[in-house]
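Peer 1: Would you mind keeping the following structure in view while I ask a few things?
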Amino acid sequence: MTTVLLGGAVALIFFYAPVDQDGLNQKIFYFHVPIALTSYACFGWGALKAFQHLWKRTPGADLESYVAIHQGVIFGAMTLVTGSIWAKVRWGVWWVWGDEQLVLFLVLFLFYCAYFMLRFSVDPGPQRANLCAVYALFGVVLIPISFLAIRLANSYIHPTVFTSNGPQMATSQLATFCVAWAAMLSLAYFLYRFELAGKRLDADLKELRELLA
Amino acid sequence: MRRYAADVAVLARKDLMLELRARDTLPAMLLFVISALVVFHFALPSHSSDLAAKGLLWVAIVFTALVGLTRAFVAEREQRLIDGLLLAPCDRSAIWLAKAISVLAFLGAAEVVALPAYAAFFSGIGWSTVAAVALADIGIVAVGTLLAAVAAVSRTRELILPLLFLPLAIPVVIGGVGASVVGSPGRYLGFLCLYDAVFAIISWASFEYVVTE
């Protein structure tokens, strides 16, 4: 399913969607924005699981939160790279401080890297799960606050595609965009399930070893 | 409610008494902030604008706060004071509030010296900078105290606190620098109020999960 969607998205991006005034560089938009939105979705999912852990003590929610944030950071790194390539082609520099989304992703990237530092410097156990969950909740609050702060700090030069009047794209572009987004979301979900299965297997194996020892 | 306030007052008094007897945090913060300002003087080439120095004032404030926060939970950790506090029949969030109040007192005392020193070394400061510093202090100690408690549990303690804290301090720096350098600082002061309110509430609500299992 993920393969079909990804293949379909790539085909649509390169053969269906029209080239606009930006030229071929505009194609990266269909990767960059869906990856960024997917990354937000991962962070949000991670925070939701963290909240479930703190509120209802759902077993396994801690691991799910960690895996979701891990995927979010991978997609976040990809957002930074694709955004940087876009900036290079469009504005001629690798990094633009005026680009709010890019700066926001840098802040979030730093924040979630610290999340991993925290996770790996506390011994596994219920307290680590609590600390990580609290920090993950801080992250989801930091997203809108940082967005507001960066908007206050900067002039506005990121190309606005989605405005309050709805998407300003041709139908073919919008369709391509939606397929690309669905493809990225399903890719993230697949990776999430895959990593989660691996981590759970790891935990089961450890438990079995301890039982045998 | 009155009981809660009484608990907070007792706990905050305990921290201030400890500091009065041992005197290790406040002198360190004072020395640090003055040294930092001297370093910044030599970091700025001559004829650089006053605006650049205003930005560096905020760097000095954030790092001075970090010096104080690193020391915040030392007694709790080294003398196992935290176990006693958790056994006490008071709400756990009172521990956070009392600690935040004492750190705020230290940071405020350091700034009472630092701001006139800044005015003497660099340039005068207006009321908007003072207001922004006061508002930023609240946000810094609210988030910082919670993260100091988180860092106290981890193996890498002093190392991890700046990593956890700095991404969350970026919006404070943006609000503070904005309020110090623009003509009409209302938007930035409002943003600092929003930051204070949001992060004080989630820190207050989540402290219990940080110190318990």
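Each chain in the structure tokens gets a letter, A, B and so on, in the order shown; residues start at 1 in every chain, and ligands are counted from 1 in the order they appear.
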Which chain A residues have any atom within 12 Å of an atom of chain B, and for each, what is the nearest pair of atoms with distance in Å to one decimal, counting only C-alpha atoms, rows sorted by chain and number, as CSV?
Peer 2:
residue,atom,partner,partner_atom,distance
A:Ala50,CA,B:Tyr209,CA,11.6
A:Phe51,CA,B:Ser206,CA,10.5
A:His53,CA,B:Tyr209,CA,10.6
A:Leu54,CA,B:Tyr209,CA,7.5
A:Trp55,CA,B:Tyr209,CA,10.1
A:Arg57,CA,B:Glu213,CA,11.2
A:Val103,CA,B:Ile170,CA,11.1
A:Leu104,CA,B:Ile170,CA,10.5
A:Phe105,CA,B:Pro167,CA,11.3
A:Leu106,CA,B:Pro167,CA,9.5
A:Val107,CA,B:Pro167,CA,6.0
A:Leu108,CA,B:Pro167,CA,7.6
A:Phe109,CA,B:Pro167,CA,9.1
A:Leu110,CA,B:Pro167,CA,6.3
A:Phe111,CA,B:Pro167,CA,5.3
A:Tyr112,CA,B:Leu164,CA,9.0
A:Cys113,CA,B:Leu163,CA,8.7
A:Ala114,CA,B:Leu164,CA,5.5
A:Tyr115,CA,B:Leu164,CA,7.4
A:Phe116,CA,B:Leu164,CA,10.1
A:Met117,CA,B:Ile160,CA,7.4
A:Leu118,CA,B:Ile160,CA,7.1
A:Arg119,CA,B:Ser154,CA,8.7
A:Phe120,CA,B:Ser154,CA,8.8
A:Ser121,CA,B:Arg155,CA,5.4
A:Val122,CA,B:Ser154,CA,4.6
A:Asp123,CA,B:Ser154,CA,7.7
A:Pro124,CA,B:Ser154,CA,10.7
A:Gly125,CA,B:Glu213,CA,8.5
A:Pro126,CA,B:Glu213,CA,5.5
A:Gln127,CA,B:Glu213,CA,4.8
A:Arg128,CA,B:Glu213,CA,8.5
A:Ala129,CA,B:Glu213,CA,8.8
A:Asn130,CA,B:Tyr209,CA,5.8
A:Leu131,CA,B:Val210,CA,5.5
A:Cys132,CA,B:Val210,CA,9.1
A:Ala133,CA,B:Tyr209,CA,9.0
A:Val134,CA,B:Ser206,CA,6.5
A:Tyr135,CA,B:Leu147,CA,8.6
A:Ala136,CA,B:Leu164,CA,11.4
A:Leu137,CA,B:Ile202,CA,8.6
A:Phe138,CA,B:Ile202,CA,7.7
A:Gly139,CA,B:Leu168,CA,8.6
A:Val140,CA,B:Ile202,CA,11.3
A:Val141,CA,B:Val198,CA,8.2
A:Leu142,CA,B:Leu168,CA,7.0
A:Ile143,CA,B:Leu168,CA,10.1
A:Pro144,CA,B:Pro171,CA,10.5
A:Ile145,CA,B:Pro171,CA,7.1
A:Ser146,CA,B:Pro171,CA,5.8
A:Phe147,CA,B:Pro171,CA,8.9
A:Leu148,CA,B:Phe191,CA,8.3
A:Ala149,CA,B:Pro171,CA,5.4
A:Ile150,CA,B:Ile174,CA,7.5
A:Arg151,CA,B:Ile174,CA,10.0
A:Leu152,CA,B:Tyr188,CA,7.7
A:Ala153,CA,B:Ile174,CA,6.4
A:Asn154,CA,B:Ile174,CA,10.0
Peer 1: Mind checking which residues fall within 7 Å of stretch 31-34 of chain B, counting only C-alpha atoms, ignoring those fewer than 5 positions away in the same chain, and posting them as a list in words?
Peer 2: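 Counting only C-alpha atoms, the residues come to Ala60, Thr64 and Ala114 of chain B.
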Peer 1: So, with only C-alpha atoms as the atoms that count, which of B:Ile140, B:Phe122, B:Gly68, B:Ala12 lies closest to B:Phe40?
Peer 2: B:Phe122
Peer 1: Choose the residue, out of B:Ala132, B:Met1, B:Leu86, B:Ala148, that has the smallest atom-to-atom separation from B:Arg71; count only C-alpha atoms.
Peer 2: B:Ala148
Peer 1: Quick one: everything within 9 Å of A:Glu64, counting only C-alpha atoms, minus sequence neighbours fewer than 2 positions away in the same chain. Send it as a PyMOL selection string.
Peer 2: chain A and resi 45-46+49-50+60-62+66-69+192+196
